[in-house]
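data-v9.csv (CSV, C-alpha atoms)
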chain,number,residue,atom,x,y,z
A,1,MET,CA,-4.0,-13.1,-6.8
A,2,ALA,CA,-6.7,-15.7,-7.5
A,3,ARG,CA,-6.0,-18.3,-10.1
A,4,GLY,CA,-9.2,-17.1,-11.9
A,5,ASN,CA,-7.6,-13.7,-12.4
A,6,ILE,CA,-4.5,-15.1,-14.0
A,7,LYS,CA,-6.7,-17.1,-16.4
A,8,ARG,CA,-8.6,-14.0,-17.3
A,9,TYR,CA,-5.5,-12.0,-17.8
A,10,GLU,CA,-4.0,-14.8,-20.0
A,11,ALA,CA,-7.2,-14.9,-22.0
A,12,THR,CA,-7.1,-11.1,-22.7
A,13,TYR,CA,-3.5,-11.4,-23.6
A,14,ALA,CA,-4.2,-14.2,-26.0
A,15,LYS,CA,-6.8,-12.1,-27.7
A,16,LEU,CA,-4.4,-9.2,-28.0
A,17,LEU,CA,-1.8,-11.5,-29.6
A,18,ARG,CA,-4.2,-12.1,-32.5
A,19,PHE,CA,-3.6,-8.6,-33.8
A,20,TYR,CA,0.0,-9.3,-34.6
A,21,PRO,CA,0.7,-9.9,-38.3
A,22,LYS,CA,0.1,-13.6,-39.2
A,23,SER,CA,3.7,-14.5,-39.9
A,24,TYR,CA,4.8,-13.0,-36.6
A,25,ARG,CA,1.9,-14.6,-34.7
A,26,GLN,CA,2.7,-18.1,-36.1
A,27,ARG,CA,6.2,-17.8,-35.0
A,28,PHE,CA,6.0,-16.0,-31.6
A,29,ALA,CA,2.5,-16.0,-30.2
A,30,GLU,CA,2.9,-19.3,-28.4
A,31,PRO,CA,6.2,-18.5,-26.7
A,32,MET,CA,5.0,-15.0,-25.9
A,33,HIS,CA,1.9,-16.4,-24.2
A,34,GLN,CA,4.0,-18.9,-22.4
A,35,MET,CA,6.3,-16.2,-21.1
A,36,PHE,CA,3.3,-14.0,-20.0
A,37,ALA,CA,1.9,-16.9,-18.1
A,38,ASP,CA,5.4,-17.6,-16.5
A,39,MET,CA,5.6,-13.9,-15.4
A,40,CYS,CA,2.1,-13.9,-13.9
A,41,ARG,CA,2.8,-17.1,-12.0
A,42,GLU,CA,6.0,-15.7,-10.6
A,43,LEU,CA,4.3,-12.6,-9.4
A,44,ASP,CA,1.5,-14.6,-7.9
A,45,GLN,CA,3.9,-16.9,-6.0
A,46,ASN,CA,5.7,-13.8,-4.6
A,47,GLY,CA,2.3,-12.4,-3.5
A,48,LYS,CA,2.6,-9.3,-5.7
A,49,ASN,CA,-0.3,-7.5,-7.4
A,50,THR,CA,-0.4,-8.5,-11.0
A,51,ARG,CA,-3.0,-5.9,-12.2
A,52,SER,CA,-0.6,-3.1,-12.9
A,53,PHE,CA,1.9,-5.5,-14.3
A,54,THR,CA,-0.7,-6.9,-16.8
A,55,TYR,CA,-1.8,-3.4,-17.9
A,56,LYS,CA,1.9,-2.5,-18.5
A,57,ILE,CA,2.3,-5.7,-20.6
A,58,TYR,CA,-0.9,-5.0,-22.5
A,59,ALA,CA,0.4,-1.5,-23.3
A,60,GLU,CA,3.8,-2.9,-24.4
A,61,THR,CA,2.0,-5.5,-26.6
A,62,VAL,CA,-0.1,-2.9,-28.3
A,63,ALA,CA,3.0,-0.9,-29.0
A,64,GLY,CA,4.7,-4.0,-30.3
A,65,ILE,CA,1.7,-4.8,-32.6
A,66,LEU,CA,1.7,-1.3,-34.0
A,67,THR,CA,5.5,-1.5,-34.7
A,68,GLU,CA,5.1,-4.8,-36.5
A,69,ARG,CA,2.1,-3.5,-38.4
A,70,VAL,CA,3.9,-0.4,-39.5
A,71,GLN,CA,6.8,-2.5,-40.7
A,72,GLU,CA,4.4,-4.6,-42.6
A,73,VAL,CA,2.9,-1.5,-44.3
A,74,VAL,CA,6.4,-0.2,-45.2
A,75,MET,CA,7.3,-3.6,-46.7
A,76,ASN,CA,4.1,-3.6,-48.7
A,77,ILE,CA,4.6,-0.1,-49.9
A,78,LYS,CA,8.0,-1.1,-51.1
A,79,ALA,CA,6.4,-4.1,-52.8
A,80,ASN,CA,3.7,-1.9,-54.4
A,81,ARG,CA,0.7,-3.6,-52.8
A,82,PRO,CA,-1.7,-0.8,-51.9
A,83,LYS,CA,-4.7,-3.0,-51.1
A,84,VAL,CA,-2.7,-4.8,-48.5
A,85,VAL,CA,-1.6,-1.4,-47.1
A,86,ILE,CA,-5.3,-0.3,-46.7
A,87,GLY,CA,-6.2,-3.6,-45.1
A,88,VAL,CA,-3.3,-3.4,-42.6
A,89,SER,CA,-4.1,0.2,-41.8
A,90,LEU,CA,-7.7,-0.8,-40.9
A,91,VAL,CA,-6.4,-3.6,-38.7
A,92,SER,CA,-4.1,-1.0,-36.9
A,93,ILE,CA,-7.1,1.2,-36.3
A,94,SER,CA,-9.0,-1.7,-34.8
A,95,ILE,CA,-6.0,-2.4,-32.5
A,96,ILE,CA,-6.2,1.1,-31.1
A,97,ALA,CA,-10.0,0.7,-30.6
A,98,THR,CA,-9.3,-2.6,-28.8
A,99,ALA,CA,-6.8,-0.9,-26.6
A,100,ILE,CA,-9.4,1.7,-25.6
A,101,LEU,CA,-11.9,-1.1,-24.9
A,102,LEU,CA,-9.4,-2.9,-22.8
A,103,ASN,CA,-8.9,0.3,-20.8
A,104,ASN,CA,-12.6,0.2,-20.0
A,105,HIS,CA,-12.7,-3.5,-19.1
A,106,PRO,CA,-15.4,-4.1,-16.5
A,107,THR,CA,-12.9,-5.8,-14.2
A,108,THR,CA,-11.1,-2.6,-13.6
A,109,VAL,CA,-11.9,-0.5,-10.5
A,110,ALA,CA,-14.3,2.4,-10.9
A,111,GLN,CA,-12.7,5.6,-12.2
A,112,PRO,CA,-12.7,8.6,-9.9
A,113,ILE,CA,-15.2,11.2,-11.2
A,114,GLN,CA,-14.5,14.8,-10.6
A,115,PRO,CA,-16.9,16.9,-8.4
A,116,GLY,CA,-19.6,18.9,-10.2
A,117,THR,CA,-20.1,16.1,-12.7
A,118,TRP,CA,-23.7,15.6,-13.9
A,119,LEU,CA,-25.6,12.6,-12.4
A,120,LYS,CA,-26.0,10.9,-15.8
A,121,GLN,CA,-22.2,11.1,-16.4
A,122,VAL,CA,-21.4,9.8,-12.9
A,123,ARG,CA,-23.7,6.8,-13.5
A,124,GLU,CA,-22.3,6.2,-17.1
A,125,LEU,CA,-18.7,6.4,-16.0
A,126,SER,CA,-19.4,4.0,-13.1
A,127,LYS,CA,-21.4,1.5,-15.1
A,128,GLY,CA,-20.4,-2.2,-14.6
A,129,LYS,CA,-17.9,-1.3,-11.9
A,130,LYS,CA,-18.0,-3.2,-8.6
A,131,THR,CA,-16.8,-0.8,-6.0
A,132,ALA,CA,-18.4,-1.5,-2.6
A,133,CYS,CA,-19.7,1.4,-0.6
A,134,LEU,CA,-17.5,2.2,2.4
A,135,ALA,CA,-18.8,1.3,5.8
A,136,ASN,CA,-19.3,3.8,8.6
A,137,VAL,CA,-16.6,4.2,11.2
A,138,SER,CA,-17.8,6.3,14.2
A,139,SER,CA,-14.4,7.2,15.5
A,140,ALA,CA,-13.6,8.9,12.2
A,141,THR,CA,-16.9,10.7,12.3
A,142,ASP,CA,-16.0,12.1,15.7
A,143,ALA,CA,-12.7,13.2,14.5
A,144,VAL,CA,-14.2,15.1,11.7
A,145,LYS,CA,-16.8,16.7,14.0
A,146,ARG,CA,-14.1,17.9,16.3
A,147,ASP,CA,-11.9,19.2,13.6
A,148,ASP,CA,-14.5,20.8,11.4
A,149,SER,CA,-15.8,24.4,11.5
A,150,PHE,CA,-19.5,25.2,11.2
A,151,THR,CA,-21.3,27.8,9.1
A,152,GLU,CA,-24.9,29.1,9.4
A,153,PHE,CA,-27.3,29.3,6.4
A,154,LYS,CA,-30.9,30.4,6.8
A,155,GLY,CA,-30.8,29.6,10.5
A,156,GLN,CA,-29.4,26.0,9.9
A,157,LYS,CA,-25.9,25.0,10.9
A,158,PHE,CA,-23.7,23.1,8.4
A,159,SER,CA,-20.1,22.1,8.5
A,160,THR,CA,-17.9,23.2,5.6
A,161,PHE,CA,-17.4,19.5,5.0
A,162,GLU,CA,-21.1,18.8,4.7
A,163,GLU,CA,-21.5,21.7,2.3
A,164,VAL,CA,-18.8,20.4,0.0
A,165,GLU,CA,-20.4,16.9,0.0
A,166,GLY,CA,-23.9,18.4,-0.6
A,167,GLY,CA,-22.7,20.0,-3.8
A,168,ALA,CA,-20.9,16.9,-5.1
A,169,ILE,CA,-23.1,16.0,-8.0
A,170,ALA,CA,-24.2,18.9,-10.2
A,171,ASP,CA,-27.8,18.1,-11.0
A,172,ILE,CA,-29.2,16.4,-7.8
A,173,PRO,CA,-32.0,18.8,-6.9
A,174,ALA,CA,-31.4,21.2,-4.0
A,175,GLY,CA,-33.0,20.0,-0.8
A,176,THR,CA,-32.5,16.3,-1.6
A,177,ASN,CA,-31.5,14.6,1.7
A,178,TYR,CA,-28.4,12.5,1.9
A,179,HIS,CA,-26.9,10.2,4.5
A,180,LEU,CA,-23.1,10.6,5.0
A,181,THR,CA,-20.8,7.9,6.3
A,182,ILE,CA,-17.1,8.4,7.1
A,183,ASN,CA,-14.9,5.5,6.6
A,184,SER,CA,-11.5,7.0,7.4
A,185,TYR,CA,-10.0,10.3,8.4
A,186,THR,CA,-6.2,10.4,8.1
A,187,ASN,CA,-3.8,13.3,7.3
A,188,ASN,CA,-6.7,15.6,6.5
A,189,THR,CA,-8.2,13.2,3.9
A,190,VAL,CA,-11.6,11.8,4.5
A,191,LYS,CA,-13.1,8.9,2.7
A,192,GLY,CA,-16.6,7.6,3.0
A,193,THR,CA,-20.0,7.1,1.3
A,194,MET,CA,-22.9,9.5,0.6
A,195,THR,CA,-26.3,8.1,-0.2
A,196,TYR,CA,-28.9,10.4,-1.7
A,197,ASP,CA,-32.7,9.9,-1.1
A,198,LYS,CA,-35.2,9.5,-4.0
A,199,GLY,CA,-33.1,6.9,-5.8
A,200,TYR,CA,-30.2,9.2,-6.7
A,201,GLY,CA,-27.8,6.5,-5.6
A,202,SER,CA,-24.7,5.9,-3.4
A,203,TYR,CA,-21.2,7.2,-4.0
A,204,ASN,CA,-17.8,6.8,-2.4
A,205,TYR,CA,-16.1,10.2,-2.0
A,206,THR,CA,-12.7,11.4,-1.1
A,207,THR,CA,-12.3,14.9,0.3
A,208,GLN,CA,-9.3,16.8,1.5
A,209,LYS,CA,-8.8,19.7,3.8
A,210,LEU,CA,-6.7,22.3,2.0
A,211,PRO,CA,-3.7,23.3,4.1
A,212,ALA,CA,-3.7,26.9,3.0
A,213,HIS,CA,-7.1,28.0,4.2
A,214,GLY,CA,-8.5,25.0,6.0
A,215,GLN,CA,-11.4,24.5,3.6
A,216,TRP,CA,-12.6,21.1,2.5
A,217,GLN,CA,-12.3,20.2,-1.2
A,218,LEU,CA,-13.9,17.2,-2.8
A,219,MET,CA,-11.3,15.2,-4.8
A,220,SER,CA,-13.4,12.4,-6.4
A,221,ILE,CA,-16.7,10.6,-6.4
A,222,VAL,CA,-17.3,7.0,-7.5
A,223,ALA,CA,-20.7,5.4,-7.7
A,224,CYS,CA,-20.9,2.3,-5.5
A,225,LYS,CA,-23.1,-0.6,-4.7
A,226,ALA,CA,-24.8,-0.4,-1.3
A,227,LEU,CA,-23.6,-2.8,1.4
A,228,PRO,CA,-26.1,-5.5,2.4
B,1,MET,CA,28.2,-12.0,-41.1
B,2,SER,CA,31.1,-10.5,-42.9
B,3,ASN,CA,31.2,-7.2,-40.9
B,4,SER,CA,30.2,-7.4,-37.3
B,5,LYS,CA,30.5,-3.7,-36.9
B,6,ALA,CA,27.6,-3.2,-39.3
B,7,TYR,CA,25.2,-3.8,-36.3
B,8,THR,CA,26.8,-1.5,-33.8
B,9,PRO,CA,25.8,0.5,-31.9
B,10,LEU,CA,23.3,-2.1,-30.7
B,11,THR,CA,20.1,-1.1,-28.9
B,12,PRO,CA,20.1,-1.8,-25.2
B,13,ALA,CA,17.6,-4.6,-25.6
B,14,VAL,CA,19.7,-6.4,-28.3
B,15,LEU,CA,22.9,-5.9,-26.2
B,16,TYR,CA,21.4,-7.4,-23.1
B,17,ILE,CA,19.8,-10.3,-25.0
B,18,LEU,CA,23.2,-11.1,-26.6
B,19,MET,CA,24.9,-11.0,-23.2
B,20,ALA,CA,22.2,-13.2,-21.8
B,21,LEU,CA,22.8,-15.8,-24.5
B,22,ALA,CA,26.6,-15.5,-24.4
B,23,ASP,CA,27.2,-18.4,-22.1
B,24,SER,CA,24.3,-20.7,-22.9
B,25,GLU,CA,21.1,-21.1,-24.9
B,26,LYS,CA,17.9,-20.0,-23.2
B,27,HIS,CA,14.2,-19.7,-23.7
B,28,GLY,CA,12.3,-16.4,-23.6
B,29,TYR,CA,11.5,-16.3,-19.9
B,30,ALA,CA,15.1,-17.3,-18.9
B,31,ILE,CA,16.4,-14.6,-21.2
B,32,MET,CA,14.2,-12.0,-19.5
B,33,LYS,CA,15.3,-13.2,-16.0
B,34,GLN,CA,19.0,-13.1,-17.1
B,35,VAL,CA,18.6,-9.5,-18.5
B,36,GLU,CA,17.0,-8.5,-15.3
B,37,ALA,CA,19.9,-9.9,-13.3
B,38,ASP,CA,22.6,-8.5,-15.6
B,39,SER,CA,21.1,-5.0,-15.5
B,40,GLU,CA,20.4,-5.2,-11.7
B,41,SER,CA,16.7,-4.8,-12.5
B,42,LYS,CA,17.3,-1.6,-14.4
B,43,VAL,CA,16.1,-3.2,-17.7
B,44,SER,CA,12.8,-5.1,-17.6
B,45,MET,CA,11.6,-6.7,-20.8
B,46,GLY,CA,8.0,-7.9,-21.4
B,47,PRO,CA,7.2,-10.5,-24.0
B,48,GLY,CA,6.5,-7.8,-26.7
B,49,THR,CA,9.9,-6.1,-26.4
B,50,LEU,CA,11.8,-9.4,-26.0
B,51,TYR,CA,10.2,-11.2,-29.0
B,52,GLY,CA,10.2,-8.1,-31.2
B,53,SER,CA,13.9,-7.8,-30.6
B,54,LEU,CA,14.5,-11.6,-31.1
B,55,LYS,CA,12.6,-11.4,-34.4
B,56,ARG,CA,14.9,-8.7,-35.7
B,57,MET,CA,18.0,-10.5,-34.3
B,58,LEU,CA,16.9,-13.7,-36.1
B,59,GLU,CA,16.5,-11.8,-39.3
B,60,ALA,CA,20.0,-10.3,-38.8
B,61,GLY,CA,21.5,-13.7,-38.1
B,62,LEU,CA,22.6,-12.6,-34.6
B,63,VAL,CA,20.7,-15.4,-32.9
B,64,ALA,CA,19.2,-18.7,-34.0
B,65,GLU,CA,16.4,-20.9,-32.8
B,66,SER,CA,17.5,-24.0,-31.0
B,67,GLU,CA,15.4,-27.1,-30.4
B,68,LYS,CA,12.1,-27.0,-28.5
B,69,LYS,CA,12.6,-28.7,-25.1
B,70,ILE,CA,11.5,-28.8,-21.5
B,71,ASP,CA,13.2,-26.7,-18.9
B,72,PRO,CA,13.7,-29.0,-15.9
B,73,ASP,CA,13.7,-26.1,-13.5
B,74,MET,CA,10.2,-25.0,-14.6
B,75,ASP,CA,7.2,-27.0,-15.7
B,76,ASP,CA,6.7,-29.8,-18.2
B,77,GLN,CA,5.9,-27.4,-21.1
B,78,ARG,CA,8.2,-27.5,-24.1
B,79,ARG,CA,9.8,-24.1,-24.9
B,80,ILE,CA,11.8,-22.8,-27.8
B,81,TYR,CA,15.4,-22.1,-27.0
B,82,TYR,CA,17.5,-19.4,-28.6
B,83,LYS,CA,21.3,-19.4,-29.0
B,84,ILE,CA,23.8,-16.8,-30.1
B,85,THR,CA,25.4,-17.3,-33.5
B,86,GLY,CA,29.0,-16.6,-34.6
B,87,ALA,CA,27.8,-13.3,-36.1
B,88,GLY,CA,26.0,-12.5,-32.8
B,89,LYS,CA,29.3,-13.1,-30.8
B,90,GLN,CA,31.2,-10.8,-33.2
B,91,ALA,CA,28.5,-8.1,-32.9
B,92,LEU,CA,28.6,-8.4,-29.1
B,93,GLU,CA,32.4,-8.3,-29.0
B,94,ALA,CA,32.4,-5.3,-31.4
B,95,GLU,CA,29.9,-3.5,-29.2
B,96,LEU,CA,31.8,-4.2,-26.0
B,97,GLU,CA,35.0,-3.0,-27.7
B,98,ARG,CA,33.2,0.2,-28.6
B,99,TYR,CA,32.2,0.7,-25.0
B,100,ARG,CA,35.8,0.1,-23.9
B,101,ARG,CA,37.0,2.8,-26.3
B,102,VAL,CA,34.4,5.2,-25.0
B,103,VAL,CA,35.4,4.5,-21.4
B,104,SER,CA,39.1,5.0,-22.2
B,105,LEU,CA,38.3,8.3,-23.9
B,106,THR,CA,36.7,9.6,-20.7
B,107,LYS,CA,39.9,8.7,-18.7
B,108,ARG,CA,42.2,10.6,-21.1
B,109,PRO,CA,43.0,14.2,-20.1
B,110,ALA,CA,41.0,16.6,-22.3
B,111,SER,CA,43.4,18.5,-24.6
B,112,GLY,CA,43.3,22.3,-24.6
B,113,VAL,CA,41.4,22.5,-21.4
B,114,THR,CA,43.0,24.6,-18.7
B,115,THR,CA,42.1,24.5,-15.1

Starting from the coordinates I provided, produce the structure as structure tokens.
Amino acid sequence: MARGNIKRYEATYAKLLRFYPKSYRQRFAEPMHQMFADMCRELDQNGKNTRSFTYKIYAETVAGILTERVQEVVMNIKANRPKVVIGVSLVSISIIATAILLNNHPTTVAQPIQPGTWLKQVRELSKGKKTACLANVSSATDAVKRDDSFTEFKGQKFSTFEEVEGGAIADIPAGTNYHLTINSYTNNTVKGTMTYDKGYGSYNYTTQKLPAHGQWQLMSIVACKALP
Amino acid sequence: MSNSKAYTPLTPAVLYILMALADSEKHGYAIMKQVEADSESKVSMGPGTLYGSLKRMLEAGLVAESEKKIDPDMDDQRRIYYKITGAGKQALEAELERYRRVVSLTKRPASGVTT
């Protein structure tokens, strides 16, 4: 992992620590931050991916913050301090909101979008994500052509695979041309990119051939940036 | 602590932290590594779990903060060390005794059971 990533994870973690109650923060925020940095460094030295680790730690931290905040509320109820209770409750709500925002952090990979989603939703869900479009691999294309079955519609031949891809996004007008690339084809799973004409954009897709009846089913679509 | 049994049964996190501190004082990261080794990687503690537990253990008098110093095996940062207290040792011993009793119960033939 790049050193820059560790710094970014540490900065996010430091922000999260601010949500602990003041007394807790004053006593433990520094050693907690130190320990988080130590753990990141160790994973980095062992060449392990720290992304899933950091998300796990963030989730654990949010749970810890809520625990400490609830304890604070209970103590304040016992001490008959309702204003403090309301204040602490508001802070807890903001913690949950922060956790949701962290989940949508722009450094995360694009989320898979289900087939049949509307174009506006696809673009919205993929906003700010940096997934690159997958490059074409001709041997994979050949494999699909050999393996695929063709159907006829109004005198034109289509592969089942193409039909599935053509119906990927719900509101792209019928008849809009698209260019399909196939990046990989392994174990009946095909991954590649489809680019629609008329500025409808490029999308990475994953599609699988169902073992039961041999039909292709689109599993996910993710908006991507075109390769230079 | 006058009655060490008041804290038993201990939570797994507290038990492992006490065991990690039983032989020597340690800082947070070293405690985490020791817990990982003692549990054969079955228990992994992030900073939130570790320091949340330490806070409650400090309040209960099971552990105490030691001085802030540099770990020569790591970097040049000063770290807070934690040590087990007398009450912590008693609570650990009481918990281990409780485990021994449970194990001995499982070895005893069950009465009234016919095979």

Distance cut-off 9 Å, counting only C-alpha atoms - which residues of chain B neighbour chain A? Return them as a ChimeraX atom specification. /B:27-29,46-52,55,77,79-80

Please provide the set of residues having any atom within 12 Å of Lys198 (chain A), restricted to all atoms listed in the file, with same-chain residues fewer than 6 positions apart removed, written as a list in words. Ile172, Pro173, Gly175, Thr176, Asn177, Tyr178 and His179 of chain A

Identify the residues within 6 Å of coordinate (-11.2, 15.6, 4.2) (same frame as the file), considering only C-alpha atoms, and give the answer as a JSON list (two decimals) with C-alpha atoms, in the frame of the given file.
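File written: out.json
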[["chain", "number", "residue", "atom", "x", "y", "z"],
["A", 188, "ASN", "CA", -6.70, 15.60, 6.50],
["A", 189, "THR", "CA", -8.20, 13.20, 3.90],
["A", 190, "VAL", "CA", -11.60, 11.80, 4.50],
["A", 207, "THR", "CA", -12.30, 14.90, 0.30],
["A", 208, "GLN", "CA", -9.30, 16.80, 1.50],
["A", 209, "LYS", "CA", -8.80, 19.70, 3.80],
["A", 216, "TRP", "CA", -12.60, 21.10, 2.50]]

CA of Asn204 (chain A) to CA of Gln217 (chain A), straight-line distance in Å: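 CA of Gln217 (chain A) sits 14.5 Å away from CA of Asn204 (chain A).
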
Record the distance separating CA of Phe19 (chain A) and CA of Ser94 (chain A), expressed in Å with one decimal.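 Taking CA of Phe19 (chain A) as the start and CA of Ser94 (chain A) as the end point, the length is 8.8 Å.
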
For CA of Thr195 (chain A) and CA of Ser220 (chain A), quote the distance in Å rounded to one decimal.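 Computing the Euclidean distance for CA of Thr195 (chain A) and CA of Ser220 (chain A) yields 14.9 Å.
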
Skipping near chain neighbours, those fewer than 5 positions away, what residues fall within 8 Å of Leu21 (chain B) using only C-alpha atoms, listed as a ChimeraX atom specification? /B:26,31,82-84

Which of A:Tyr55, A:Tyr20, A:Tyr13, A:Tyr203 sits closest to Cys133 (chain A) [using only C-alpha atoms]: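 That would be A:Tyr203, the residue with the smallest distance to Cys133 (chain A).
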
Using all atoms listed in the file, which of B:Ser24, B:Ser41, B:Ser53, B:Ser104 sits nearest Leu10 (chain B)? B:Ser53

For Val43 (chain B), which of B:Tyr99, B:Ser66, B:Ala30, B:Pro12 is the closest residue, counting only C-alpha atoms?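 Once distances to Val43 (chain B) are computed over only C-alpha atoms, the minimum belongs to B:Pro12.
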
Just give me the residues with any atom within 9 Å of (6.5, -22.8, -13.2), file coordinates, counting all atoms listed in the file, written as a list in words. Ala37, Asp38, Arg41 and Glu42 of chain A; Asp73, Met74, Asp75 and Asp76 of chain B
